[in-house]
$ cat my_file_23.txt   # compact mmCIF, C-alpha atoms
# COMPACT_ATOMS: atom_id res chain seq x y z
CA MET Y 1 -12.93 27.64 -33.47
CA ILE Y 2 -13.08 30.30 -30.76
CA PRO Y 3 -13.82 28.74 -27.34
CA LEU Y 4 -16.84 29.99 -25.41
CA PRO Y 5 -16.26 32.13 -22.32
CA ARG Y 6 -16.09 29.95 -19.21
CA ALA Y 7 -19.47 31.19 -17.98
CA GLN Y 8 -21.10 29.89 -21.19
CA GLN Y 9 -19.35 26.52 -21.25
CA VAL Y 10 -21.45 23.42 -20.56
CA MET Y 11 -20.17 21.70 -17.43
CA LYS Y 12 -19.26 18.06 -18.00
CA GLU Y 13 -20.94 15.53 -15.71
CA GLY Y 14 -17.80 13.42 -15.63
CA SER Y 15 -14.48 13.06 -17.39
CA ILE Y 16 -13.09 10.43 -19.74
CA ASP Y 17 -9.65 12.01 -19.66
CA ALA Y 18 -6.76 10.26 -17.94
CA PRO Y 19 -6.40 11.42 -14.31
CA THR Y 20 -3.80 14.08 -13.62
CA ARG Y 21 -2.35 14.13 -10.11
CA HIS Y 22 -1.31 17.54 -8.83
CA PRO Y 23 1.61 17.83 -6.39
CA LEU Y 24 0.79 17.95 -2.69
CA ASP Y 25 1.32 21.58 -1.69
CA TRP Y 26 2.15 20.65 1.90
CA GLN Y 27 4.78 23.33 2.43
CA SER Y 28 2.44 26.26 1.70
CA GLU Y 29 0.71 28.32 4.38
CA ASP Y 30 -2.70 27.62 2.86
CA PHE Y 31 -2.27 23.85 3.31
CA TRP Y 32 -2.18 24.35 7.08
CA ASP Y 33 -4.96 26.96 7.29
CA LYS Y 34 -8.00 25.54 9.11
CA ASP Y 35 -10.60 27.76 7.41
CA SER Y 36 -9.16 26.98 3.99
CA LEU Y 37 -9.28 23.26 4.77
CA ASN Y 38 -12.90 23.40 5.95
CA HIS Y 39 -13.91 25.34 2.84
CA GLU Y 40 -12.33 22.69 0.60
CA LEU Y 41 -13.84 19.84 2.62
CA GLU Y 42 -17.28 21.40 2.28
CA ARG Y 43 -16.81 21.87 -1.47
CA VAL Y 44 -15.63 18.32 -2.10
CA PHE Y 45 -18.19 16.75 0.24
CA ASP Y 46 -20.90 18.52 -1.76
CA VAL Y 47 -19.55 17.00 -5.00
CA CYS Y 48 -19.44 13.55 -3.37
CA HIS Y 49 -22.96 14.03 -1.96
CA GLY Y 50 -24.31 14.48 -5.47
CA CYS Y 51 -22.48 11.45 -6.84
CA ARG Y 52 -22.05 8.68 -4.23
CA ARG Y 53 -20.23 6.28 -6.57
CA CYS Y 54 -17.60 5.52 -3.92
CA VAL Y 55 -19.99 4.43 -1.17
CA SER Y 56 -18.84 0.79 -1.34
CA LEU Y 57 -15.10 1.45 -1.14
CA CYS Y 58 -14.40 2.23 2.52
CA ASP Y 59 -16.18 3.66 5.55
CA ALA Y 60 -15.11 7.26 4.85
CA PHE Y 61 -17.94 7.65 2.35
CA PRO Y 62 -20.77 6.06 4.39
CA THR Y 63 -19.61 8.19 7.34
CA MET Y 64 -19.82 11.33 5.19
CA PHE Y 65 -23.21 10.46 3.71
CA ASP Y 66 -24.66 9.58 7.13
CA LEU Y 67 -23.56 12.97 8.48
CA ILE Y 68 -25.27 14.68 5.54
CA ASP Y 69 -28.44 12.59 5.52
CA GLU Y 70 -28.93 12.90 9.29
CA SER Y 71 -28.42 16.67 9.32
CA ASP Y 72 -31.29 19.13 9.54
CA THR Y 73 -30.93 20.22 5.93
CA MET Y 74 -29.88 16.84 4.47
CA GLU Y 75 -27.19 18.82 2.68
CA VAL Y 76 -23.54 19.48 3.44
CA ASP Y 77 -24.35 22.88 4.92
CA GLY Y 78 -26.21 21.09 7.72
CA VAL Y 79 -23.13 19.18 8.88
CA ASP Y 80 -21.18 20.57 11.82
CA LYS Y 81 -17.67 21.37 10.58
CA ALA Y 82 -16.34 19.83 13.80
CA ASP Y 83 -17.57 16.48 12.43
CA TYR Y 84 -15.62 16.72 9.17
CA GLY Y 85 -12.70 14.97 10.85
CA LYS Y 86 -14.81 11.84 11.37
CA VAL Y 87 -14.63 11.26 7.62
CA ALA Y 88 -10.85 11.62 7.49
CA GLU Y 89 -10.48 9.15 10.36
CA GLN Y 90 -11.96 6.41 8.16
CA CYS Y 91 -9.73 7.09 5.14
CA TYR Y 92 -6.58 4.98 4.96
CA LEU Y 93 -5.27 6.47 1.70
CA CYS Y 94 -5.79 3.40 -0.48
CA ASP Y 95 -6.29 5.79 -3.44
CA LEU Y 96 -8.94 3.60 -5.06
CA CYS Y 97 -11.56 6.35 -5.11
CA TYR Y 98 -9.19 8.56 -7.10
CA LEU Y 99 -7.99 5.90 -9.52
CA THR Y 100 -11.03 3.69 -10.04
CA LYS Y 101 -14.27 5.51 -9.17
CA CYS Y 102 -14.26 9.30 -9.09
CA PRO Y 103 -15.33 10.99 -12.36
CA TYR Y 104 -14.31 14.41 -11.06
CA VAL Y 105 -10.56 14.05 -10.63
CA PRO Y 106 -8.26 16.47 -12.48
CA PRO Y 107 -8.35 17.54 -15.29
CA HIS Y 108 -12.09 17.81 -14.58
CA GLU Y 109 -12.90 21.32 -13.38
CA PHE Y 110 -14.21 20.01 -10.04
CA ASN Y 111 -10.59 19.04 -9.31
CA VAL Y 112 -11.41 16.42 -6.67
CA ASP Y 113 -8.50 14.60 -5.03
CA PHE Y 114 -10.24 12.98 -2.10
CA PRO Y 115 -7.24 11.00 -0.71
CA HIS Y 116 -4.97 14.03 -0.60
CA LEU Y 117 -7.71 16.16 0.93
CA MET Y 118 -8.06 13.53 3.66
CA LEU Y 119 -4.27 13.57 4.05
CA ARG Y 120 -4.41 17.34 4.52
CA ALA Y 121 -7.06 16.91 7.24
CA LYS Y 122 -4.97 14.21 8.92
CA ALA Y 123 -1.88 16.42 8.78
CA GLN Y 124 -3.66 19.36 10.42
CA LYS Y 125 -5.06 17.10 13.12
CA PHE Y 126 -1.63 15.60 13.85
CA LYS Y 127 -0.01 19.03 13.96
CA ASN Y 128 -2.63 20.41 16.33
CA GLN Y 129 -3.43 17.37 18.48
CA GLY Y 130 -0.61 14.88 18.02
CA ALA Y 131 -1.41 11.16 18.16
CA SER Y 132 -2.02 8.47 20.76
CA LEU Y 133 0.78 6.33 22.16
CA ARG Y 134 -0.61 3.37 20.24
CA ASP Y 135 -0.67 5.20 16.91
CA ARG Y 136 2.79 6.66 17.39
CA ALA Y 137 4.15 3.21 18.27
CA LEU Y 138 2.43 1.33 15.43
CA THR Y 139 3.69 3.81 12.85
CA SER Y 140 7.27 3.88 14.21
CA THR Y 141 7.97 0.59 12.48
CA ASP Y 142 11.77 0.71 12.53
CA ARG Y 143 11.90 1.21 16.29
CA LEU Y 144 9.03 -1.12 17.12
CA LEU Y 145 10.11 -4.06 14.97
CA SER Y 146 13.84 -3.83 15.60
CA THR Y 147 13.23 -3.81 19.36
CA THR Y 148 10.79 -6.73 19.39
CA SER Y 149 12.88 -8.81 16.96
CA ILE Y 150 15.95 -9.07 19.21
CA PRO Y 151 16.81 -12.77 19.77
CA LEU Y 152 14.72 -14.33 22.57
CA ILE Y 153 12.57 -11.22 22.74
CA ASP Y 154 11.05 -12.19 19.38
CA VAL Y 155 10.22 -15.67 20.69
CA THR Y 156 8.66 -14.20 23.82
CA VAL Y 157 6.58 -11.62 21.94
CA ASN Y 158 5.38 -14.23 19.42
CA ALA Y 159 4.27 -16.49 22.28
CA LEU Y 160 2.47 -13.68 24.08
CA ASN Y 161 0.70 -12.58 20.90
CA ASN Y 162 -0.87 -16.05 20.73
CA THR Y 163 -2.04 -15.92 24.35
CA GLY Y 164 -5.64 -14.89 24.96
CA VAL Y 165 -4.99 -13.29 28.34
CA PHE Y 166 -2.18 -11.12 26.96
CA ARG Y 167 -4.19 -10.10 23.89
CA LYS Y 168 -7.12 -9.00 26.05
CA ALA Y 169 -4.73 -7.01 28.24
CA LEU Y 170 -3.23 -5.44 25.11
CA SER Y 171 -6.73 -4.57 23.93
CA ALA Y 172 -7.63 -2.98 27.26
CA SER Y 173 -4.41 -0.96 27.55
CA LEU Y 174 -3.59 0.02 23.94
CA ASP Y 175 -6.85 -0.58 22.05
CA ILE Y 176 -5.31 -3.25 19.80
CA HIS Y 177 -8.12 -5.65 18.96
CA HIS Y 178 -7.71 -9.04 20.62
CA GLU Y 179 -8.91 -10.97 17.54
CA ALA Y 180 -6.70 -9.23 14.98
CA PRO Y 181 -3.82 -11.43 13.80
CA LEU Y 182 -0.45 -9.86 14.59
CA PRO Y 183 2.58 -10.58 12.39
CA LYS Y 184 5.22 -12.99 13.58
CA LEU Y 185 8.61 -11.50 14.47
CA HIS Y 186 11.96 -12.90 13.31
CA SER Y 187 15.38 -12.17 14.77
CA LYS Y 188 16.90 -13.76 11.65
CA THR Y 189 15.89 -10.92 9.41
CA LEU Y 190 15.59 -10.73 5.64
CA ARG Y 191 18.87 -8.85 5.45
CA LYS Y 192 20.63 -11.60 7.39
CA ARG Y 193 19.06 -14.39 5.36
CA VAL Y 194 19.80 -13.08 1.87
CA LYS Y 195 23.40 -12.02 2.47
CA PRO Y 196 24.92 -15.53 1.99
CA LEU Y 197 22.73 -16.15 -1.07
CA LEU Y 198 23.90 -13.18 -3.12
CA GLU Y 199 25.94 -14.05 -6.21
CA SER Y 200 27.36 -11.82 -8.89
CA GLN Y 201 25.56 -11.90 -12.24
CA GLU Y 202 26.44 -10.12 -15.46
CA PRO Y 203 23.59 -7.62 -15.92
CA LYS Y 204 21.73 -7.82 -19.22
CA PRO Y 205 19.53 -4.81 -20.01
CA VAL Y 206 16.11 -5.74 -21.39
CA GLY Y 207 13.52 -3.14 -22.31
CA SER Y 208 13.23 -0.63 -19.48
CA THR Y 209 15.18 -2.84 -17.06
CA THR Y 210 18.94 -2.86 -16.47
CA GLY Y 211 19.13 -6.44 -15.20
CA LYS Y 212 20.71 -5.14 -12.00
CA VAL Y 213 18.37 -4.76 -9.01
CA ALA Y 214 18.67 -3.50 -5.44
CA LEU Y 215 16.05 -4.97 -3.10
CA TYR Y 216 14.60 -2.53 -0.57
CA ALA Y 217 13.80 -4.94 2.25
CA THR Y 218 11.07 -2.82 3.93
CA CYS Y 219 10.27 -2.99 7.63
CA TYR Y 220 7.66 -5.70 7.26
CA GLY Y 221 9.75 -7.73 4.83
CA ASN Y 222 12.85 -7.50 7.00
CA TYR Y 223 11.31 -8.43 10.35
CA ASN Y 224 7.97 -10.15 9.63
CA SER Y 225 8.32 -12.09 6.36
CA PRO Y 226 12.08 -12.50 5.85
CA GLU Y 227 11.67 -15.75 3.92
CA VAL Y 228 10.23 -13.75 1.02
CA GLY Y 229 13.63 -12.11 0.58
CA GLU Y 230 15.13 -15.53 -0.06
CA ASP Y 231 12.45 -16.17 -2.68
CA PHE Y 232 13.29 -12.87 -4.39
CA VAL Y 233 16.99 -13.61 -4.56
CA LYS Y 234 16.53 -17.16 -5.87
CA VAL Y 235 13.99 -16.19 -8.54
CA PHE Y 236 15.89 -13.15 -9.77
CA GLN Y 237 19.25 -14.94 -9.88
CA HIS Y 238 17.66 -17.93 -11.64
CA ASN Y 239 16.63 -15.48 -14.36
CA GLY Y 240 20.10 -13.97 -14.74
CA ILE Y 241 19.28 -10.77 -12.85
CA HIS Y 242 21.96 -9.39 -10.57
CA ILE Y 243 20.36 -8.65 -7.21
CA ASP Y 244 21.75 -6.95 -4.13
CA ILE Y 245 20.21 -5.69 -0.91
CA VAL Y 246 19.97 -1.93 -0.36
CA PRO Y 247 22.96 -1.29 1.96
CA LYS Y 248 20.99 0.67 4.56
CA GLU Y 249 17.42 1.81 4.79
CA GLN Y 250 14.73 3.18 7.06
CA CYS Y 251 10.97 2.91 6.82
CA CYS Y 252 9.59 4.26 3.54
CA GLY Y 253 7.31 6.62 5.49
CA MET Y 254 3.89 5.29 4.43
CA PRO Y 255 2.72 4.58 8.02
CA LYS Y 256 3.64 8.12 9.07
CA LEU Y 257 1.99 9.52 5.93
CA GLU Y 258 -1.28 7.78 6.82
CA LEU Y 259 -1.01 9.24 10.34
CA GLY Y 260 -0.53 12.74 8.91
CA ASP Y 261 2.94 13.11 10.43
CA LEU Y 262 4.55 14.81 7.45
CA ASN Y 263 7.64 15.96 9.35
CA SER Y 264 8.50 12.32 10.04
CA VAL Y 265 7.87 11.49 6.38
CA ASP Y 266 10.31 14.25 5.48
CA ALA Y 267 12.95 12.91 7.88
CA LEU Y 268 12.65 9.40 6.43
CA LYS Y 269 12.85 10.79 2.92
CA GLN Y 270 16.05 12.63 3.82
CA ALA Y 271 17.54 9.35 5.11
CA ASN Y 272 16.49 7.05 2.26
CA ILE Y 273 16.57 9.03 -0.97
CA PRO Y 274 20.35 9.74 -1.03
CA VAL Y 275 21.07 6.01 -0.59
CA LEU Y 276 18.62 4.96 -3.28
CA ALA Y 277 19.65 7.71 -5.70
CA LYS Y 278 23.28 6.60 -5.38
CA LEU Y 279 22.27 3.05 -6.30
CA VAL Y 280 20.42 4.34 -9.37
CA ASP Y 281 23.56 6.24 -10.38
CA GLU Y 282 25.44 2.94 -10.11
CA GLY Y 283 23.07 1.32 -12.59
CA TYR Y 284 20.60 -0.36 -10.26
CA ASP Y 285 16.87 -0.68 -10.69
CA LEU Y 286 14.91 -0.79 -7.43
CA THR Y 287 12.17 -3.06 -6.11
CA ALA Y 288 10.51 -4.06 -2.83
CA PRO Y 289 8.30 -6.93 -1.60
CA ILE Y 290 5.56 -4.67 -0.18
CA PRO Y 291 3.31 -2.69 -2.60
CA SER Y 292 2.83 0.24 -0.18
CA CYS Y 293 6.56 0.84 -0.07
CA VAL Y 294 6.81 0.70 -3.86
CA LEU Y 295 3.93 3.18 -4.11
CA MET Y 296 5.59 5.53 -1.65
CA TYR Y 297 8.60 5.93 -3.94
CA LYS Y 298 6.62 5.75 -7.18
CA GLN Y 299 3.89 8.21 -6.27
CA GLU Y 300 3.65 9.80 -2.82
CA LEU Y 301 7.19 11.14 -2.40
CA PRO Y 302 7.29 12.47 -6.00
CA LEU Y 303 4.02 14.31 -5.30
CA MET Y 304 5.46 15.77 -2.11
CA TYR Y 305 8.82 16.67 -3.71
CA PRO Y 306 8.11 17.23 -7.42
CA ASP Y 307 11.19 19.43 -7.85
CA ASP Y 308 13.71 17.15 -6.14
CA PRO Y 309 15.78 15.50 -8.91
CA ASP Y 310 16.88 12.61 -6.69
CA VAL Y 311 13.27 11.78 -5.76
CA ILE Y 312 12.33 11.72 -9.45
CA LYS Y 313 15.41 9.65 -10.25
CA VAL Y 314 14.38 7.04 -7.67
CA GLN Y 315 10.78 7.14 -8.88
CA LYS Y 316 11.79 6.26 -12.43
CA ALA Y 317 13.95 3.35 -11.26
CA PHE Y 318 11.42 1.77 -8.87
CA PHE Y 319 9.47 -1.28 -10.06
CA ASP Y 320 6.85 -3.55 -8.63
CA PRO Y 321 8.64 -6.95 -8.60
CA PHE Y 322 6.25 -8.65 -11.01
CA GLU Y 323 6.14 -5.58 -13.22
CA TYR Y 324 9.91 -6.06 -13.46
CA LEU Y 325 9.70 -9.78 -14.23
CA TRP Y 326 6.99 -9.22 -16.85
CA ALA Y 327 9.14 -6.59 -18.56
CA ARG Y 328 11.94 -9.17 -18.72
CA HIS Y 329 9.50 -11.75 -20.11
CA LYS Y 330 8.40 -9.36 -22.87
CA GLY Y 331 12.05 -9.21 -23.87
CA ASP Y 332 12.38 -13.03 -23.85
CA ALA Y 333 14.60 -12.88 -20.77
CA LEU Y 334 12.38 -14.73 -18.26
CA LYS Y 335 12.74 -18.48 -17.98
CA THR Y 336 9.48 -20.35 -18.49
CA GLU Y 337 10.63 -23.89 -17.75
CA PHE Y 338 8.80 -24.93 -14.59
CA THR Y 339 8.96 -28.16 -12.60
CA SER Y 340 5.59 -28.01 -10.84
CA ALA Y 341 2.12 -26.55 -11.30
CA LEU Y 342 0.26 -24.29 -8.90
CA GLY Y 343 -3.27 -25.55 -9.48
CA SER Y 344 -6.11 -23.21 -8.56
CA VAL Y 345 -4.86 -19.94 -7.07
CA ALA Y 346 -6.96 -17.16 -5.55
CA TYR Y 347 -5.17 -13.83 -5.81
CA GLN Y 348 -6.18 -10.71 -3.86
CA VAL Y 349 -4.75 -7.71 -5.69
CA ALA Y 350 -3.42 -5.24 -3.12
CA CYS Y 351 -4.90 -1.75 -3.39
CA HIS Y 352 -1.50 -0.07 -3.35
CA GLN Y 353 -0.46 -2.23 -6.27
CA ARG Y 354 -3.67 -1.57 -8.23
CA VAL Y 355 -3.19 2.19 -8.07
CA GLN Y 356 0.29 1.90 -9.61
CA ASN Y 357 -1.53 1.43 -12.93
CA ILE Y 358 0.66 -1.44 -14.08
CA GLY Y 359 -2.05 -4.02 -14.71
CA LEU Y 360 -2.23 -7.52 -13.25
CA LYS Y 361 1.41 -8.42 -13.75
CA THR Y 362 1.52 -10.84 -10.82
CA ARG Y 363 -1.32 -12.86 -12.33
CA ASP Y 364 0.22 -12.69 -15.80
CA VAL Y 365 3.60 -14.03 -14.65
CA LEU Y 366 2.11 -16.86 -12.57
CA ASN Y 367 -0.22 -17.86 -15.42
CA LEU Y 368 2.89 -18.65 -17.47
CA ILE Y 369 3.23 -21.74 -15.26
CA ASN Y 370 1.66 -24.84 -16.85
CA ASP Y 371 -1.58 -26.15 -15.32
CA SER Y 372 -1.96 -23.07 -13.16
CA ASP Y 373 -5.10 -20.95 -12.97
CA VAL Y 374 -4.77 -17.65 -11.12
CA THR Y 375 -8.05 -15.85 -10.41
CA ALA Y 376 -7.60 -12.21 -9.43
CA TYR Y 377 -9.91 -10.41 -7.00
CA GLU Y 378 -9.61 -6.65 -7.23
CA ARG Y 379 -11.29 -5.82 -3.92
CA CYS Y 380 -9.85 -4.20 -0.82
CA SER Y 381 -8.82 -6.29 2.17
CA GLY Y 382 -9.62 -3.48 4.60
CA HIS Y 383 -6.32 -3.98 6.43
CA ASP Y 384 -4.19 -0.90 5.77
CA GLY Y 385 -1.42 -1.95 8.13
CA THR Y 386 -3.11 -0.58 11.26
CA TYR Y 387 -6.82 -0.10 10.47
CA ALA Y 388 -7.55 -3.81 10.92
CA VAL Y 389 -5.79 -4.09 14.28
CA LYS Y 390 -7.26 -1.05 16.03
CA LYS Y 391 -10.13 -1.80 18.38
CA GLU Y 392 -12.32 1.01 17.05
CA THR Y 393 -11.96 0.05 13.36
CA ARG Y 394 -11.47 -3.73 13.43
CA ASP Y 395 -15.15 -4.51 12.77
CA LYS Y 396 -15.22 -2.08 9.86
CA SER Y 397 -12.13 -3.67 8.34
CA VAL Y 398 -13.80 -7.08 8.55
CA LYS Y 399 -16.90 -5.70 6.80
CA ILE Y 400 -14.75 -4.23 4.01
CA ALA Y 401 -12.93 -7.56 3.59
CA ARG Y 402 -16.08 -9.70 3.44
CA PRO Y 403 -16.70 -9.50 -0.36
CA THR Y 404 -13.17 -10.73 -1.05
CA VAL Y 405 -13.38 -13.42 1.62
CA ARG Y 406 -16.67 -14.62 0.14
CA LYS Y 407 -15.17 -14.87 -3.36
CA VAL Y 408 -12.12 -16.74 -2.08
CA ASP Y 409 -14.28 -19.18 -0.14
CA GLU Y 410 -16.51 -19.78 -3.17
CA GLN Y 411 -13.43 -20.64 -5.22
CA ALA Y 412 -11.94 -22.88 -2.50
CA PRO Y 413 -8.49 -22.61 -4.14
CA ASP Y 414 -5.44 -24.79 -3.73
CA ARG Y 415 -3.37 -21.71 -2.84
CA PHE Y 416 -4.17 -18.16 -1.75
CA ILE Y 417 -1.85 -15.22 -2.41
CA SER Y 418 -1.63 -11.47 -2.06
CA ASP Y 419 1.19 -9.08 -2.94
CA CYS Y 420 0.61 -7.53 0.50
CA PRO Y 421 1.35 -10.00 3.34
CA MET Y 422 -0.79 -8.03 5.80
CA ALA Y 423 -3.80 -8.00 3.47
CA GLY Y 424 -3.34 -11.68 2.73
CA GLU Y 425 -3.11 -12.66 6.39
CA HIS Y 426 -6.23 -10.63 7.20
CA ILE Y 427 -8.27 -12.41 4.52
CA ALA Y 428 -6.91 -15.86 5.38
CA HIS Y 429 -7.79 -15.27 9.03
CA LEU Y 430 -11.42 -14.58 8.05
CA SER Y 431 -11.69 -17.31 5.42
CA GLU Y 432 -13.21 -20.73 6.00
CA LYS Y 433 -11.48 -22.29 2.97
CA VAL Y 434 -7.84 -21.18 3.14
CA ASP Y 435 -5.47 -21.58 6.06
CA GLN Y 436 -2.67 -19.26 5.03
CA ALA Y 437 -1.71 -16.49 2.65
CA GLU Y 438 1.51 -16.71 0.64
CA HIS Y 439 3.56 -14.20 -1.29
CA PRO Y 440 3.38 -14.70 -5.08
CA MET Y 441 7.18 -14.83 -5.24
CA THR Y 442 7.09 -17.93 -3.03
CA LEU Y 443 4.87 -19.72 -5.54
CA LEU Y 444 7.10 -18.69 -8.44
CA ARG Y 445 10.18 -20.00 -6.64
CA GLU Y 446 8.43 -23.31 -5.96
CA ALA Y 447 7.33 -23.60 -9.59
CA TYR Y 448 10.94 -23.19 -10.69
CA GLY Y 449 11.93 -25.97 -8.28
CA LEU Y 450 14.38 -23.73 -6.45
$ encode --input "my_file_23.txt" --output "structure tokens"
Amino acid sequence: MIPLPRAQQVMKEGSIDAPTRHPLDWQSEDFWDKDSLNHELERVFDVCHGCRRCVSLCDAFPTMFDLIDESDTMEVDGVDKADYGKVAEQCYLCDLCYLTKCPYVPPHEFNVDFPHLMLRAKAQKFKNQGASLRDRALTSTDRLLSTTSIPLIDVTVNALNNTGVFRKALSASLDIHHEAPLPKLHSKTLRKRVKPLLESQEPKPVGSTTGKVALYATCYGNYNSPEVGEDFVKVFQHNGIHIDIVPKEQCCGMPKLELGDLNSVDALKQANIPVLAKLVDEGYDLTAPIPSCVLMYKQELPLMYPDDPDVIKVQKAFFDPFEYLWARHKGDALKTEFTSALGSVAYQVACHQRVQNIGLKTRDVLNLINDSDVTAYERCSGHDGTYAVKKETRDKSVKIARPTVRKVDEQAPDRFISDCPMAGEHIAHLSEKVDQAEHPMTLLREAYGL
């Protein structure tokens, strides 16, 4: 059959084809051209204006639609191009619009990649205007957390963060919302805690896994939730998996990516990829306790560096932790003898885990535990690492979190978990029925009686 000329083809309203993600062409001249960016923003905004399926996801879409609806023409051509940036300011690159809502993503001819278009706008803004002291500090996680986690300093900072007078002063000086929960700091880091626990195991390959894992601690895991590292080591070793800690690491770069600081992302990539690629060459699989960090190596860096063989090598070896354990279970290599039940568990599925397209592996593993009922809520927490702590976006983050909070409170579970500690803490802080959020690996360790 001879295909019709393009002009005679019937345009599809949507696409049922699997999404295809194109590389981020961030090193081209066109990427940084302001007129080219505005033209693409106008084109995509017009597609979104005629669809509006994503209006409930985050505030980027209501902001866009308000600008259109309140313009003189009630069309995109009535919006001042100077206001386009207001939309990008509300996008925190969760990727849910691309993966779960938009019918016009590639290979559809409209070729809409809203998150990466917002990233392009953020990158141009950062290049031309820089960022505030607060935003530079909050996204410089290695420097910020290592400095505030020095012994005695960590105790002092933790005490101040729980003091109303200090929090109001912090809000007035740096625009960090006084009601937003701030993570606790630990001088006894994850790296320090797991070192004495590490034991040699004989790796046993199962399916796509080698049975030999290097744990990328992450900034948040290392300084803010170091106990989770102990849970990882105990669970993996209990299941005959050899686990080590990545010998040296820097931030994965996700905070700088969300800021639009691509040069810093590049510098962090240059520091981390050689170390991780060497581990892969030595037979290690890779994992991390924070979904955003896993996503950075699985998706964002490969899209920025599609022709770098070491980046692709690391991508293929990186696993979500429960994706890894489920793969072992499918090969009959995961122990299912448990000493205690979990009861009713409410589980908020982190956005950056959802968009990895691995399914609900955390829920599936925990449901192997007798007398345990894990209910998954696939709704955003609205946290995004910094969005929920900034004064100007705190209220919006709370609004985004409300549907999940309402579901959790209706369930009134025995335990509440999220793969993302920041998302979990945000929801627990707003909930009337749960007092704390836990990492799923903590519950698995407890169920094993370790």
$ residues_around --input "my_file_23.txt" --residues "Y:Gly260" --least-positions-apart "4" --cutoff "9 Å" --atoms "all atoms listed in the file" --output "list in words"
Leu119, Arg120, Ala121, Lys122, Ala123, Gln124, Lys125, Phe126, Lys127, Pro255, Lys256 and Val265 of chain Y
$ write_last_selection --input "my_file_23.txt" --atoms "C-alpha atoms" --output "JSON list (two decimals), keeping the file's coordinate frame"
[["chain", "number", "residue", "atom", "x", "y", "z"],
["Y", 119, "LEU", "CA", -4.27, 13.57, 4.05],
["Y", 120, "ARG", "CA", -4.41, 17.34, 4.52],
["Y", 121, "ALA", "CA", -7.06, 16.91, 7.24],
["Y", 122, "LYS", "CA", -4.97, 14.21, 8.92],
["Y", 123, "ALA", "CA", -1.88, 16.42, 8.78],
["Y", 124, "GLN", "CA", -3.66, 19.36, 10.42],
["Y", 125, "LYS", "CA", -5.06, 17.10, 13.12],
["Y", 126, "PHE", "CA", -1.63, 15.60, 13.85],
["Y", 127, "LYS", "CA", -0.01, 19.03, 13.96],
["Y", 255, "PRO", "CA", 2.72, 4.58, 8.02],
["Y", 256, "LYS", "CA", 3.64, 8.12, 9.07],
["Y", 265, "VAL", "CA", 7.87, 11.49, 6.38]]
$ axis_aligned_box --input "my_file_23.txt" --around "stretch 105-124 of chain Y" --padding-each-side "4 Å" --output "JSON"
{"center_x": -8.0, "center_y": 16.2, "center_z": -2.4, "size_x": 20.3, "size_y": 18.3, "size_z": 33.7}
$ closest_atom_pairs --input "my_file_23.txt" --of "stretch 265-354 of chain Y" --to "stretch 94-114 of chain Y" --cutoff "9 Å" --atoms "all atoms listed in the file" --output "Markdown table"
| residue | atom | partner | partner_atom | distance |
| --- | --- | --- | --- | --- |
| Y:Cys351 | CA | Y:Cys94 | CA | 6.0 |
| Y:His352 | CA | Y:Cys94 | CA | 6.2 |
| Y:Arg354 | CA | Y:Leu96 | CA | 8.0 |
$ closest_residue --input "my_file_23.txt" --among "Y:Ile312, Y:Ala341, Y:Val165, Y:Leu67" --to "Y:Leu368" --atoms "all atoms listed in the file"
Y:Ala341
$ residues_around --input "my_file_23.txt" --residues "Y:Ala333" --least-positions-apart "6" --cutoff "9 Å" --atoms "all atoms listed in the file" --output "PDB file with C-alpha atoms, keeping the file's coordinate frame"
ATOM      1  CA  LYS Y 204      21.730  -7.820 -19.220  1.00  0.00           C
ATOM      2  CA  VAL Y 206      16.110  -5.740 -21.390  1.00  0.00           C
ATOM      3  CA  ASN Y 239      16.630 -15.480 -14.360  1.00  0.00           C
ATOM      4  CA  GLY Y 240      20.100 -13.970 -14.740  1.00  0.00           C
ATOM      5  CA  LEU Y 325       9.700  -9.780 -14.230  1.00  0.00           C
ATOM      6  CA  ALA Y 327       9.140  -6.590 -18.560  1.00  0.00           C
TER       7      ALA Y 327
END
$ closest_residue --input "my_file_23.txt" --among "Y:Tyr347, Y:Tyr84, Y:Phe45, Y:Tyr448" --to "Y:Asp419" --atoms "only C-alpha atoms"
Y:Tyr347
$ atom_distance --input "my_file_23.txt" --atom1 "atom CA of Y:Met74" --atom2 "atom CA of Y:Lys86"
17.3 Å
$ closest_residue --input "my_file_23.txt" --among "Y:Gln353, Y:Glu410, Y:Gln27, Y:Arg21" --to "Y:Asp266" --atoms "only C-alpha atoms"
Y:Gln27
$ residues_around --input "my_file_23.txt" --residues "Y:Ile290" --least-positions-apart "2" --cutoff "12 Å" --atoms "only C-alpha atoms" --output "count of residues only"
43
$ residues_near_point --input "my_file_23.txt" --point "(-9.1, -5.0, -4.7)" --cutoff "8 Å" --atoms "only C-alpha atoms" --output "PyMOL selection string"
chain Y and resi 348-351+354+377-381+404
$ closest_residue --input "my_file_23.txt" --among "Y:Asn357, Y:Leu301, Y:Ser372, Y:Leu262" --to "Y:Ala18" --atoms "only C-alpha atoms"
Y:Asn357
$ residues_around --input "my_file_23.txt" --residues "stretch 180-184 of chain Y" --least-positions-apart "2" --cutoff "6 Å" --atoms "all atoms listed in the file" --output "PyMOL selection string"
chain Y and resi 158+177-178+224+389
$ atom_distance --input "my_file_23.txt" --atom1 "atom CA of Y:Tyr284" --atom2 "atom CA of Y:Trp326"
17.5 Å
$ closest_residue --input "my_file_23.txt" --among "Y:Lys390, Y:Asp142, Y:Ile245, Y:Leu430" --to "Y:Lys192" --atoms "all atoms listed in the file"
Y:Ile245
$ atom_distance --input "my_file_23.txt" --atom1 "atom CA of Y:Tyr223" --atom2 "atom CA of Y:Ser431"
25.1 Å
